[in-house]
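Novice: Can you keep this structure in mind? I'll have questions shortly.
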Amino acid sequence: MSITRLTYGTNVTRQAITKHLEVMRKAGLVRNRRRGRERIWQLEQRRVKEARHCLELISRQWDEVLGRLKKFVEE
């Protein structure tokens, strides 16, 4: 989508969206290409899935650690 389309119907500025997309681009989560005067942004589905998988692993690890801490504190 274009920045205009991404910001349509929100209170978020084009500048703010652009900054977020640049951070995501540097992380490899999105890419862009020029189409006329606009830049069209697209998710890198594979990279988003990889990030989600990593976050799920970290979440499970924290759940296990917090579960052990809870058990220790309650004993």
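Residues are referred to by chain and number: the chain letter is A, B, ... according to the order shown in the structure tokens, the number counts from 1 in that chain, and ligands are numbered separately from 1 in the order shown.
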List every residue of chain A that DSSP, applied to the backbone of this structure, assigns to alpha helix (DSSP H), and report them as a ChimeraX atom specification.
Specialist: /A:3-7,14-26,45-74
Novice: Write the residues of the preceding selection, restricted to N, CA and C atoms, as a CSV table (one decimal), in the first residue's frame.
Specialist:
chain,number,residue,atom,x,y,z
A,3,ILE,N,1.7,5.2,1.3
A,3,ILE,CA,1.6,5.9,2.6
A,3,ILE,C,0.2,6.5,2.8
A,4,THR,N,-0.3,7.1,1.7
A,4,THR,CA,-1.6,7.7,1.7
A,4,THR,C,-2.7,6.7,2.1
A,5,ARG,N,-2.6,5.6,1.5
A,5,ARG,CA,-3.6,4.5,1.8
A,5,ARG,C,-3.5,4.0,3.3
A,6,LEU,N,-2.2,3.9,3.7
A,6,LEU,CA,-2.0,3.4,5.1
A,6,LEU,C,-2.5,4.4,6.1
A,7,THR,N,-2.4,5.6,5.8
A,7,THR,CA,-2.8,6.6,6.8
A,7,THR,C,-4.3,7.0,6.7
A,14,ARG,N,1.5,11.0,8.0
A,14,ARG,CA,2.3,10.3,7.0
A,14,ARG,C,3.7,10.2,7.5
A,15,GLN,N,4.2,11.3,8.1
A,15,GLN,CA,5.6,11.3,8.6
A,15,GLN,C,5.8,10.2,9.6
A,16,ALA,N,4.9,10.0,10.5
A,16,ALA,CA,5.0,8.9,11.6
A,16,ALA,C,5.0,7.6,10.9
A,17,ILE,N,4.1,7.3,10.0
A,17,ILE,CA,4.0,6.1,9.3
A,17,ILE,C,5.3,5.8,8.5
A,18,THR,N,5.8,6.8,7.9
A,18,THR,CA,7.0,6.7,7.1
A,18,THR,C,8.2,6.3,8.0
A,19,LYS,N,8.3,6.9,9.2
A,19,LYS,CA,9.4,6.6,10.1
A,19,LYS,C,9.2,5.1,10.6
A,20,HIS,N,8.0,4.7,10.9
A,20,HIS,CA,7.8,3.3,11.3
A,20,HIS,C,8.2,2.3,10.2
A,21,LEU,N,7.8,2.6,9.0
A,21,LEU,CA,8.1,1.8,7.9
A,21,LEU,C,9.6,1.7,7.6
A,22,GLU,N,10.3,2.8,7.8
A,22,GLU,CA,11.7,2.7,7.6
A,22,GLU,C,12.4,1.8,8.6
A,23,VAL,N,11.9,1.9,9.9
A,23,VAL,CA,12.5,1.0,10.9
A,23,VAL,C,12.2,-0.5,10.5
A,24,MET,N,11.0,-0.7,10.1
A,24,MET,CA,10.6,-2.1,9.7
A,24,MET,C,11.4,-2.5,8.4
A,25,ARG,N,11.6,-1.6,7.5
A,25,ARG,CA,12.4,-1.9,6.3
A,25,ARG,C,13.8,-2.3,6.7
A,26,LYS,N,14.4,-1.6,7.6
A,26,LYS,CA,15.8,-1.9,8.1
A,26,LYS,C,15.8,-3.3,8.8
A,45,GLN,N,6.4,-11.4,4.1
A,45,GLN,CA,5.7,-12.4,4.9
A,45,GLN,C,6.6,-13.4,5.6
A,46,ARG,N,7.6,-13.9,4.9
A,46,ARG,CA,8.5,-14.9,5.5
A,46,ARG,C,9.2,-14.3,6.7
A,47,ARG,N,9.7,-13.1,6.6
A,47,ARG,CA,10.4,-12.5,7.7
A,47,ARG,C,9.4,-12.2,8.9
A,48,VAL,N,8.2,-11.8,8.6
A,48,VAL,CA,7.2,-11.6,9.7
A,48,VAL,C,6.9,-12.9,10.4
A,49,LYS,N,6.8,-14.0,9.6
A,49,LYS,CA,6.6,-15.3,10.2
A,49,LYS,C,7.8,-15.8,11.1
A,50,GLU,N,9.0,-15.5,10.6
A,50,GLU,CA,10.2,-15.8,11.4
A,50,GLU,C,10.2,-15.0,12.7
A,51,ALA,N,9.8,-13.7,12.6
A,51,ALA,CA,9.8,-12.9,13.8
A,51,ALA,C,8.7,-13.4,14.8
A,52,ARG,N,7.6,-13.7,14.3
A,52,ARG,CA,6.5,-14.2,15.1
A,52,ARG,C,6.9,-15.5,15.8
A,53,HIS,N,7.6,-16.4,15.1
A,53,HIS,CA,8.1,-17.7,15.7
A,53,HIS,C,9.1,-17.4,16.8
A,54,CYS,N,10.0,-16.5,16.6
A,54,CYS,CA,11.0,-16.1,17.6
A,54,CYS,C,10.3,-15.5,18.9
A,55,LEU,N,9.4,-14.7,18.6
A,55,LEU,CA,8.6,-14.0,19.8
A,55,LEU,C,7.8,-15.1,20.5
A,56,GLU,N,7.3,-16.1,19.8
A,56,GLU,CA,6.5,-17.1,20.5
A,56,GLU,C,7.5,-18.0,21.4
A,57,LEU,N,8.6,-18.3,20.9
A,57,LEU,CA,9.6,-19.0,21.7
A,57,LEU,C,10.0,-18.2,22.9
A,58,ILE,N,10.3,-17.0,22.8
A,58,ILE,CA,10.7,-16.1,23.9
A,58,ILE,C,9.5,-16.1,24.9
A,59,SER,N,8.3,-15.9,24.4
A,59,SER,CA,7.1,-15.9,25.3
A,59,SER,C,7.0,-17.2,26.1
A,60,ARG,N,7.1,-18.3,25.4
A,60,ARG,CA,7.1,-19.6,26.2
A,60,ARG,C,8.1,-19.7,27.2
A,61,GLN,N,9.3,-19.2,26.9
A,61,GLN,CA,10.4,-19.3,27.9
A,61,GLN,C,10.1,-18.4,29.1
A,62,TRP,N,9.6,-17.2,28.9
A,62,TRP,CA,9.2,-16.4,30.0
A,62,TRP,C,8.1,-17.0,30.8
A,63,ASP,N,7.1,-17.6,30.1
A,63,ASP,CA,6.0,-18.3,30.8
A,63,ASP,C,6.5,-19.3,31.8
A,64,GLU,N,7.5,-20.1,31.3
A,64,GLU,CA,8.1,-21.2,32.1
A,64,GLU,C,8.8,-20.6,33.3
A,65,VAL,N,9.6,-19.6,33.0
A,65,VAL,CA,10.4,-19.0,34.1
A,65,VAL,C,9.5,-18.4,35.2
A,66,LEU,N,8.5,-17.6,34.7
A,66,LEU,CA,7.5,-17.0,35.7
A,66,LEU,C,6.7,-18.1,36.4
A,67,GLY,N,6.4,-19.2,35.7
A,67,GLY,CA,5.7,-20.3,36.4
A,67,GLY,C,6.6,-20.9,37.5
A,68,ARG,N,7.9,-21.1,37.2
A,68,ARG,CA,8.8,-21.6,38.3
A,68,ARG,C,8.9,-20.6,39.4
A,69,LEU,N,9.0,-19.3,39.1
A,69,LEU,CA,9.1,-18.3,40.1
A,69,LEU,C,7.9,-18.2,41.0
A,70,LYS,N,6.7,-18.3,40.4
A,70,LYS,CA,5.5,-18.3,41.1
A,70,LYS,C,5.4,-19.5,42.1
A,71,LYS,N,5.8,-20.7,41.6
A,71,LYS,CA,5.8,-21.9,42.4
A,71,LYS,C,6.8,-21.7,43.6
A,72,PHE,N,8.0,-21.2,43.3
A,72,PHE,CA,9.0,-21.0,44.4
A,72,PHE,C,8.4,-20.0,45.4
A,73,VAL,N,7.8,-18.9,45.0
A,73,VAL,CA,7.3,-17.9,45.9
A,73,VAL,C,6.2,-18.5,46.8
A,74,GLU,N,5.3,-19.3,46.2
A,74,GLU,CA,4.1,-19.8,46.9
A,74,GLU,C,4.5,-20.9,47.8
Novice: Between CA of Val12 (chain A) and CA of Gly28 (chain A), what is the spacing in Å?
Specialist: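 Between these atoms lies a distance of 22.6 Å.
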